[in-house]
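What's in query-v4.cif: mmCIF, C-alpha atoms
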```
data_query
#
loop_
_atom_site.label_atom_id
_atom_site.label_comp_id
_atom_site.auth_asym_id
_atom_site.auth_seq_id
_atom_site.Cartn_x
_atom_site.Cartn_y
_atom_site.Cartn_z
CA MET A 1 111.66 114.50 75.54
CA LYS A 2 109.28 111.61 75.86
CA GLN A 3 108.36 110.77 79.45
CA PRO A 4 109.16 107.19 80.43
CA PRO A 5 106.09 105.21 81.50
CA VAL A 6 105.32 105.17 85.23
CA THR A 7 106.62 101.87 86.59
CA PRO A 8 105.00 100.17 89.58
CA TYR A 9 106.70 100.34 92.98
CA ALA A 10 109.23 97.69 93.91
CA ASN A 11 108.28 94.60 95.86
CA PRO A 12 108.38 95.71 99.54
CA TYR A 13 110.63 92.80 100.57
CA LEU A 14 113.09 93.55 97.76
CA ALA A 15 113.16 97.27 98.67
CA GLY A 16 113.56 96.26 102.32
CA VAL A 17 116.57 94.05 101.61
CA GLY A 18 118.13 96.91 99.60
CA LEU A 19 117.53 99.34 102.44
CA GLY A 20 118.91 96.83 104.95
CA LEU A 21 122.09 96.38 102.92
CA VAL A 22 122.62 100.16 102.72
CA LEU A 23 122.16 100.31 106.49
CA LEU A 24 124.58 97.41 106.99
CA ALA A 25 127.12 99.15 104.75
CA ALA A 26 126.84 102.26 106.95
CA PHE A 27 127.54 100.17 110.07
CA VAL A 28 130.53 98.47 108.47
CA LEU A 29 132.03 101.55 106.81
CA VAL A 30 131.52 104.34 109.33
CA GLY A 31 130.19 102.62 112.47
CA ARG A 32 126.88 104.45 112.50
CA GLY A 33 123.45 104.08 111.00
CA LEU A 34 121.26 106.23 108.77
CA GLY A 35 119.29 109.28 109.88
CA ALA A 36 117.34 112.30 108.78
CA SER A 37 116.05 114.56 111.56
CA GLY A 38 119.56 115.52 112.69
CA ALA A 39 120.23 117.07 109.29
CA PHE A 40 117.22 119.33 109.79
CA SER A 41 118.59 120.36 113.22
CA SER A 42 121.97 121.29 111.70
CA THR A 43 120.37 123.24 108.86
CA ILE A 44 117.91 125.15 111.07
CA SER A 45 120.61 125.96 113.64
CA TRP A 46 122.87 127.25 110.88
CA LEU A 47 120.10 129.35 109.28
CA THR A 48 119.21 130.80 112.70
CA SER A 49 122.88 131.67 113.28
CA LEU A 50 122.84 133.66 110.02
CA VAL A 51 119.72 135.63 110.95
CA ALA A 52 120.31 135.98 114.69
CA PRO A 53 123.85 134.84 115.62
CA GLY A 54 123.54 135.85 119.28
CA HIS A 55 120.22 134.06 119.69
CA ALA A 56 121.48 130.85 118.08
CA GLN A 57 124.65 130.79 120.20
CA ALA A 58 122.64 131.45 123.37
CA ASN A 59 120.31 128.52 122.64
CA GLU A 60 121.44 125.33 124.32
CA TYR A 61 119.92 123.06 121.66
CA MET A 62 121.32 124.91 118.65
CA ARG A 63 124.76 125.35 120.22
CA ASP A 64 125.30 121.58 119.98
CA TYR A 65 124.68 121.67 116.24
CA LEU A 66 126.69 124.84 115.60
CA GLY A 67 129.82 123.47 117.27
CA ASP A 68 132.73 125.61 118.40
CA GLY A 69 133.20 127.34 115.05
CA SER A 70 136.18 125.21 114.03
CA SER A 71 134.17 123.72 111.16
CA HIS A 72 131.02 124.68 109.27
CA PRO A 73 127.76 123.50 110.93
CA LEU A 74 126.64 121.99 107.63
CA LYS A 75 129.81 119.92 107.42
CA ALA A 76 127.99 117.18 109.30
CA TRP A 77 127.62 113.50 108.40
CA LEU A 78 123.81 113.56 108.38
CA VAL A 79 123.66 116.69 106.21
CA PHE A 80 125.75 114.99 103.51
CA GLU A 81 123.69 111.81 103.88
CA VAL A 82 120.37 113.64 103.50
CA VAL A 83 121.59 115.48 100.39
CA GLY A 84 122.36 111.99 99.09
CA VAL A 85 118.83 110.83 99.99
CA ALA A 86 117.39 113.63 97.85
CA ALA A 87 119.70 112.76 94.95
CA GLY A 88 119.00 109.01 95.19
CA ALA A 89 115.24 109.51 95.40
CA LEU A 90 115.28 111.88 92.42
CA LEU A 91 117.32 109.39 90.41
CA SER A 92 114.88 106.58 91.20
CA GLY A 93 111.88 108.83 90.59
CA LEU A 94 113.18 109.98 87.19
CA LEU A 95 113.99 106.42 86.10
CA ALA A 96 110.50 105.30 87.08
CA GLY A 97 108.68 108.32 85.65
CA ARG A 98 107.35 109.21 89.08
CA ALA A 99 109.13 112.56 89.59
CA ARG A 100 106.63 115.35 88.97
CA PHE A 101 105.21 118.38 90.78
CA THR A 102 102.06 117.25 92.53
CA ILE A 103 100.34 117.17 95.91
CA GLU A 104 99.73 113.84 97.62
CA LYS A 105 96.12 113.84 98.81
CA GLY A 106 92.80 112.09 98.48
CA PRO A 107 89.97 113.44 96.31
CA ARG A 108 87.88 114.78 99.19
CA VAL A 109 90.35 117.20 100.79
CA SER A 110 91.16 120.72 99.56
CA THR A 111 94.72 121.63 98.65
CA ALA A 112 94.89 124.28 101.39
CA LEU A 113 93.76 121.88 104.10
CA ARG A 114 96.14 119.16 102.94
CA LEU A 115 99.06 121.60 103.00
CA LEU A 116 98.04 122.85 106.45
CA CYS A 117 98.03 119.25 107.69
CA ALA A 118 101.44 118.66 106.09
CA PHE A 119 102.82 121.71 107.90
CA LEU A 120 101.34 120.73 111.27
CA GLY A 121 102.42 117.12 110.83
CA GLY A 122 105.97 118.24 110.07
CA GLY A 123 105.97 120.36 113.21
CA LEU A 124 104.71 117.50 115.40
CA MET A 125 107.17 115.12 113.79
CA ALA A 126 110.10 117.46 114.48
CA PHE A 127 109.10 117.81 118.09
CA GLY A 128 108.72 114.06 118.57
CA ALA A 129 111.96 113.26 116.78
CA HIS A 130 114.03 115.72 118.83
CA LEU A 131 112.42 114.48 122.04
CA ALA A 132 113.25 110.88 121.08
CA ARG A 133 116.79 111.74 119.84
CA GLY A 134 116.01 110.40 116.39
CA CYS A 135 113.27 109.72 113.89
CA THR A 136 112.06 106.72 111.92
CA SER A 137 115.49 106.48 110.26
CA GLY A 138 117.88 107.19 113.12
CA GLN A 139 115.87 105.43 115.80
CA ALA A 140 113.43 102.86 114.41
CA LEU A 141 115.48 101.61 111.44
CA THR A 142 119.04 101.99 112.73
CA GLY A 143 118.38 101.24 116.39
CA GLY A 144 115.92 98.50 115.46
CA ALA A 145 118.66 96.56 113.64
CA LEU A 146 121.07 97.08 116.56
CA LEU A 147 118.45 95.89 119.09
CA ASN A 148 118.63 99.26 120.84
CA VAL A 149 116.18 99.34 123.78
CA GLY A 150 115.09 102.96 123.31
CA SER A 151 114.64 102.47 119.56
CA TRP A 152 112.24 99.55 119.99
CA ALA A 153 110.25 101.44 122.64
CA PHE A 154 110.13 104.41 120.26
CA MET A 155 109.10 102.32 117.26
CA ILE A 156 106.19 100.65 119.08
CA MET A 157 104.91 104.07 120.17
CA VAL A 158 105.13 105.44 116.60
CA PHE A 159 102.66 102.76 115.48
CA VAL A 160 100.50 103.29 118.61
CA GLY A 161 100.35 107.05 117.96
CA GLY A 162 99.66 106.59 114.25
CA TYR A 163 96.87 104.05 114.66
CA ALA A 164 95.34 106.03 117.55
CA VAL A 165 94.62 109.08 115.39
CA ALA A 166 94.40 107.55 111.88
CA TYR A 167 90.60 107.31 111.96
CA PHE A 168 90.24 111.07 112.52
CA PHE A 169 92.39 111.94 109.51
CA ARG A 170 91.11 109.43 106.97
CA TRP A 171 89.44 112.23 104.92
CA GLN A 172 92.93 113.33 103.87
CA TRP A 173 93.55 110.22 101.80
CA ARG A 174 90.34 108.60 100.54
CA MET B 1 138.36 92.82 113.74
CA THR B 2 138.57 95.17 110.76
CA ALA B 3 135.30 97.07 110.81
CA PRO B 4 133.84 99.70 111.26
CA LEU B 5 136.49 100.84 108.80
CA LEU B 6 136.36 104.51 109.90
CA LYS B 7 137.08 103.53 113.52
CA TYR B 8 140.03 101.40 112.43
CA GLY B 9 141.51 104.39 110.62
CA LEU B 10 141.18 103.13 107.03
CA PHE B 11 140.06 106.63 106.07
CA GLY B 12 139.40 109.95 107.80
CA ASP B 13 136.40 112.09 108.63
CA GLU B 14 136.58 113.95 105.31
CA PHE B 15 136.15 110.75 103.31
CA SER B 16 133.37 109.63 105.66
CA LEU B 17 131.37 112.63 104.37
CA VAL B 18 131.76 111.32 100.80
CA LEU B 19 130.49 107.96 102.04
CA ALA B 20 127.60 109.74 103.79
CA PHE B 21 126.48 111.10 100.43
CA VAL B 22 126.89 107.75 98.66
CA LEU B 23 125.02 105.86 101.40
CA GLY B 24 122.34 108.57 101.30
CA VAL B 25 121.91 108.00 97.55
CA GLY B 26 121.33 104.30 98.24
CA PHE B 27 118.92 105.11 101.07
CA GLY B 28 116.93 107.62 98.98
CA PHE B 29 116.87 105.31 95.97
CA CYS B 30 115.42 102.44 98.04
CA LEU B 31 112.85 104.72 99.72
CA GLU B 32 111.58 106.00 96.36
CA ARG B 33 111.61 102.49 94.81
CA ALA B 34 109.43 101.26 97.69
CA GLY B 35 106.93 104.05 97.02
CA PHE B 36 107.83 106.06 100.10
CA GLY B 37 108.00 109.29 98.14
CA SER B 38 104.20 109.21 98.23
CA ALA B 39 102.27 110.27 101.34
CA ARG B 40 99.27 108.23 100.19
CA LYS B 41 101.36 105.06 100.05
CA LEU B 42 102.88 105.79 103.47
CA ALA B 43 99.58 106.71 105.14
CA ALA B 44 97.99 103.50 103.81
CA GLN B 45 99.94 101.66 106.53
CA PHE B 46 97.63 103.24 109.10
CA TYR B 47 94.47 102.33 107.16
CA LEU B 48 95.60 98.72 106.72
CA TYR B 49 95.04 98.38 102.96
CA ASP B 50 98.77 98.59 102.14
CA MET B 51 101.23 97.56 104.83
CA SER B 52 104.38 98.30 102.80
CA VAL B 53 105.80 100.57 105.52
CA PHE B 54 105.85 97.68 107.98
CA LYS B 55 107.11 95.20 105.39
CA VAL B 56 109.95 97.38 104.07
CA MET B 57 110.99 98.56 107.52
CA PHE B 58 111.07 95.13 109.11
CA THR B 59 112.76 93.51 106.12
CA ALA B 60 115.45 96.20 106.35
CA ILE B 61 115.80 95.76 110.12
CA VAL B 62 116.08 91.97 109.80
CA THR B 63 118.57 92.21 106.91
CA ALA B 64 120.88 94.65 108.71
CA MET B 65 120.46 92.83 112.05
CA LEU B 66 121.41 89.46 110.54
CA GLY B 67 124.30 91.20 108.75
CA VAL B 68 125.85 92.73 111.87
CA THR B 69 125.24 89.52 113.80
CA TYR B 70 126.99 87.39 111.17
CA LEU B 71 129.87 89.85 110.66
CA GLY B 72 130.25 90.04 114.44
CA TRP B 73 130.38 86.27 114.79
CA ILE B 74 133.07 85.80 112.15
CA GLY B 75 135.02 88.60 113.81
CA TRP B 76 134.94 91.19 111.04
CA LEU B 77 132.84 93.80 112.80
CA ASP B 78 133.24 95.08 116.34
CA LEU B 79 129.65 95.91 117.32
CA ASN B 80 130.91 97.85 120.35
CA LEU B 81 132.28 100.46 117.95
CA VAL B 82 128.94 100.95 116.16
CA TYR B 83 127.23 104.00 117.66
CA LEU B 84 124.12 103.28 119.68
CA VAL B 85 121.78 106.15 120.57
CA PRO B 86 121.54 106.14 124.40
CA THR B 87 118.21 105.07 125.83
CA TYR B 88 116.06 107.60 127.70
CA LEU B 89 112.88 105.59 128.03
CA LYS B 90 110.25 108.19 128.95
CA PRO B 91 111.15 110.91 126.40
CA GLN B 92 111.58 108.25 123.70
CA LEU B 93 108.15 106.74 124.41
CA VAL B 94 106.52 110.19 124.32
CA GLY B 95 108.59 111.24 121.30
CA GLY B 96 107.51 108.12 119.42
CA LEU B 97 103.86 108.80 120.21
CA VAL B 98 104.08 112.44 119.04
CA LEU B 99 105.97 111.36 115.92
CA GLY B 100 103.35 108.71 115.13
CA VAL B 101 100.60 111.36 115.30
CA GLY B 102 102.70 113.67 113.13
CA PHE B 103 103.16 110.83 110.61
CA VAL B 104 99.40 110.43 110.14
CA VAL B 105 98.65 114.18 110.15
CA GLY B 106 101.48 115.10 107.78
CA GLY B 107 101.82 111.91 105.74
CA TYR B 108 105.59 111.63 105.99
CA CYS B 109 108.48 111.10 108.37
CA PRO B 110 111.65 113.21 108.01
CA GLY B 111 113.53 110.77 105.75
CA THR B 112 110.62 110.00 103.46
CA SER B 113 109.75 113.71 103.21
CA VAL B 114 113.19 114.32 101.70
CA ALA B 115 112.60 111.54 99.15
CA ALA B 116 109.17 113.04 98.39
CA LEU B 117 110.22 116.67 98.04
CA ALA B 118 113.11 115.63 95.79
CA THR B 119 110.57 114.01 93.46
CA GLY B 120 108.38 117.13 93.36
CA ARG B 121 105.78 116.52 96.09
CA ILE B 122 104.66 120.00 97.12
CA ASP B 123 103.03 118.72 100.32
CA ALA B 124 106.43 117.29 101.32
CA MET B 125 108.04 120.70 100.78
CA VAL B 126 105.45 122.26 103.09
CA TYR B 127 105.99 119.36 105.49
CA ALA B 128 109.73 120.21 105.56
CA LEU B 129 108.81 123.80 106.43
CA GLY B 130 106.76 122.33 109.27
CA ILE B 131 109.84 120.41 110.45
CA ALA B 132 111.76 123.70 110.39
CA ALA B 133 109.09 125.43 112.46
CA GLY B 134 108.89 122.49 114.87
CA THR B 135 112.67 122.46 115.27
CA LEU B 136 112.72 126.19 116.05
CA ALA B 137 109.91 125.72 118.58
CA TYR B 138 111.72 122.76 120.14
CA ALA B 139 114.97 124.74 120.45
CA GLU B 140 113.05 127.52 122.26
CA VAL B 141 111.35 125.23 124.79
CA TYR B 142 114.37 122.93 125.19
CA PRO B 143 115.76 124.63 128.35
CA ALA B 144 112.36 124.27 130.04
CA ILE B 145 111.82 120.59 129.12
CA LYS B 146 115.46 119.53 129.52
CA PRO B 147 114.82 117.61 132.79
CA PHE B 148 112.21 115.51 130.97
CA VAL B 149 114.39 115.05 127.85
CA ASN B 150 117.12 113.62 130.07
CA ALA B 151 114.82 111.51 132.26
CA ASP B 152 115.27 107.74 132.57
CA ALA B 153 118.89 107.74 131.32
CA MET B 154 119.84 104.09 130.75
CA GLY B 155 122.94 104.63 128.63
CA GLN B 156 123.70 102.57 125.53
CA VAL B 157 121.74 99.38 126.15
CA THR B 158 120.48 96.59 123.92
CA LEU B 159 117.46 94.32 124.33
CA PRO B 160 119.62 91.22 125.00
CA GLU B 161 121.30 93.08 127.90
CA VAL B 162 118.03 94.29 129.42
CA LEU B 163 116.21 90.97 128.94
CA GLY B 164 119.20 88.91 130.12
CA LEU B 165 119.05 86.77 126.96
CA PRO B 166 121.83 85.80 124.55
CA TRP B 167 122.11 88.06 121.47
CA GLY B 168 121.29 85.18 119.12
CA VAL B 169 118.05 84.34 120.93
CA VAL B 170 116.75 87.91 120.58
CA VAL B 171 117.82 87.98 116.91
CA PHE B 172 115.91 84.75 116.32
CA ALA B 173 112.84 86.14 118.14
CA VAL B 174 112.88 89.30 115.99
CA VAL B 175 113.08 87.20 112.81
CA VAL B 176 110.12 85.06 113.97
CA ILE B 177 108.08 88.16 114.90
CA ALA B 178 108.90 89.76 111.53
CA VAL B 179 107.89 86.66 109.52
CA LEU B 180 104.65 86.29 111.49
CA GLY B 181 104.10 90.03 111.00
CA PHE B 182 104.58 89.76 107.21
CA TRP B 183 102.10 86.88 107.07
CA GLY B 184 99.58 88.76 109.25
CA ALA B 185 100.03 92.03 107.35
CA THR B 186 99.29 90.32 104.02
CA LYS B 187 96.19 88.66 105.54
CA ILE B 188 94.94 92.03 106.81
CA GLU B 189 95.60 93.71 103.42
CA ARG B 190 93.53 91.02 101.66
CA TRP B 191 90.75 91.25 104.24
CA ILE B 192 90.52 95.07 104.04
CA GLY B 193 90.82 94.89 100.25
CA SER B 194 87.91 92.46 99.96
CA ARG B 195 85.67 94.70 102.11
CA SER B 196 86.04 97.91 100.09
#
```

Please, can you express the file's structure as structure tokens?
Amino acid sequence: MKQPPVTPYANPYLAGVGLGLVLLAAFVLVGRGLGASGAFSSTISWLTSLVAPGHAQANEYMRDYLGDGSSHPLKAWLVFEVVGVAAGALLSGLLAGRARFTIEKGPRVSTALRLLCAFLGGGLMAFGAHLARGCTSGQALTGGALLNVGSWAFMIMVFVGGYAVAYFFRWQWR
Amino acid sequence: MTAPLLKYGLFGDEFSLVLAFVLGVGFGFCLERAGFGSARKLAAQFYLYDMSVFKVMFTAIVTAMLGVTYLGWIGWLDLNLVYLVPTYLKPQLVGGLVLGVGFVVGGYCPGTSVAALATGRIDAMVYALGIAAGTLAYAEVYPAIKPFVNADAMGQVTLPEVLGLPWGVVVFAVVVIAVLGFWGATKIERWIGSRS
């Protein structure tokens, strides 16, 4: 099959309006916003409960995501939403010819080091998101639109943290 | 008042899961369209040569904010029934800072990493493993840091309430800040672009 040509990214304002309308639809339909990190919490708690049921049940944080056993831990709103995110992104990526196995990095960094950074960054991100009760989606985007005090405080600090260390990690990208 | 539709009983929790998937598809589609399935595009925000993260995020915030404001005014949407994450100022400030560092180190945030791994980015798959490890670590230390996690409990509060300003005034201010931000971001992009 012939690969479609790689199309340029959408205009950021157009993509932003689209994203805003999806978010608005979530508010109107189900009375909540979008999210992502919570789906990871549900999945990890469920996986832990498979490997070490006693340990997962004894853990205060995981217990919240496992529930009382009346329904499956993965039968959670954010889990279904995140599966949708993967499907929607794949659809867009295939249509644009951008879906392919590759590693996002600059020319000066080795694959191993880039992957190590990705792993550590994911770990830091998880910690920060759980501490803040939401990530860029659940807090900054959703709470930003609802003028949530904690979300705006969170969002400002995301940019502060990012700009504070960006200089020291520039070799990853250029 | 007729919305949020779920809260007014137009459908049940089961159907809300179907909607979760459909809304997720829209979310993921927009993220990938914007280029947020690429860590290089996302990280560029912090090196000032491509401020798409700021532009997309603030356009989305302004769009949804104006939407809920308008739908609230005409009486279609009861904003009190839209879930607001409670504010815990200190842990949210620290969490934001840690997350910002993680963004630059890893190149993604949780939502964009899902869009990236779905389109084959191997670094995003490793990043998701990092999220898994971080979540396990957080669950282990949670009992010890619980007092800090629950510090500064302010409940569900909005900026208009805290600032003592009418909702519309804060909405207007956010729109002005966003428009000035878009103008400034484009200026900075051009300036950085002309230097390199």

> Pick the closest to Pro8 (chain A) from B:Thr119, B:Ala34, B:Glu161, B:Thr112: which is it, counting all atoms listed in the file?
Replying inline: B:Ala34

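You will find CA of Ala39 (chain B) at 9.0 Å from CA of Ile103 (chain A).
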
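Each of A:Leu14, A:Leu24, A:Ala39, A:Leu131 was compared to Glu81 (chain A) using all atoms listed in the file, and A:Ala39 turns out to be the nearest.
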
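The gap separating CA of Thr63 (chain B) from CA of Val17 (chain A) is 6.0 Å, in Å to one decimal.
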
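Using all atoms listed in the file, the nearest neighbour of chain A within the list B:Phe29, B:Trp167, B:Trp191, B:Phe11 is B:Phe29.
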
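For the structure shown here, the set of residues caught by the PyMOL selection byres ((chain B and resi 57) around 9) is Pro12, Gly16, Leu19, Gly20, Ala140 and Leu141 of chain A; Ser52, Val53, Phe54, Lys55, Val56, Phe58, Thr59, Ala60, Ile61 and Val62 of chain B.
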
>> Assuming the chain letters and numbering stay as they are in my file, what does the PyMOL selection byres ((chain A and resi 55-61) around 10) actually select? List them as a PyMOL selection string.
In response: (chain A and resi 41+44-54+62-68+130) or (chain B and resi 135-136+138-143+146)

> Hey, which of A:Gly122, A:Pro73, A:Gly134, A:Gly106 ends up closest to chain B? Count only C-alpha atoms.
Replying inline: A:Gly122

>> So, with all atoms listed in the file as the atoms that count, which of A:Ala89, A:Leu29, A:Asn11, A:Ala96 lies closest to Leu10 (chain B)?
In response: A:Leu29

> Can you list, as a VMD selection string, every protein, DNA or RNA residue that comes within 8 Å of region 165-173 of chain A when you count only C-alpha atoms, leaving out same-chain residues fewer than 6 positions away?
Replying inline: (chain A and resid 105 to 109 114) or (chain B and resid 40 43 46 to 47 101 104 to 105)

> Quick one: which residues end up in the PyMOL selection byres ((chain B and resi 81) around 8) for this structure, as a PyMOL selection string?
Replying inline: (chain A and resi 31) or (chain B and resi 4+7+78-80+82-83)

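Interatomic distance, CA of Gly130 (chain B) to CA of Gly143 (chain A): 25.1 Å.
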
>> Could you list, as a list of chain:residue names, every residue within 8 Å of Glu189 (chain B), counting only C-alpha atoms and ignoring same-chain residues fewer than 5 positions away?
In response: B:Leu48, B:Tyr49, B:Asp50, B:Met51

> With distances taken over all atoms listed in the file, which of A:Gly18, A:Gly69, A:Gly128, A:Gly144 is nearest to Val158 (chain A)?
Replying inline: A:Gly128

> Within 12 Å of Leu94 (chain A), counting only C-alpha atoms, which residues qualify if same-chain residues fewer than 5 places away don't, as a PyMOL selection string?
Replying inline: (chain A and resi 3-7+87-89+99-100) or (chain B and resi 29+32-33+118-120)

> Neighbours of Ala116 (chain B) within 7 Å (only C-alpha atoms; same-chain residues fewer than 6 positions away dropped), as a PyMOL selection string?
Replying inline: chain B and resi 37-38+124
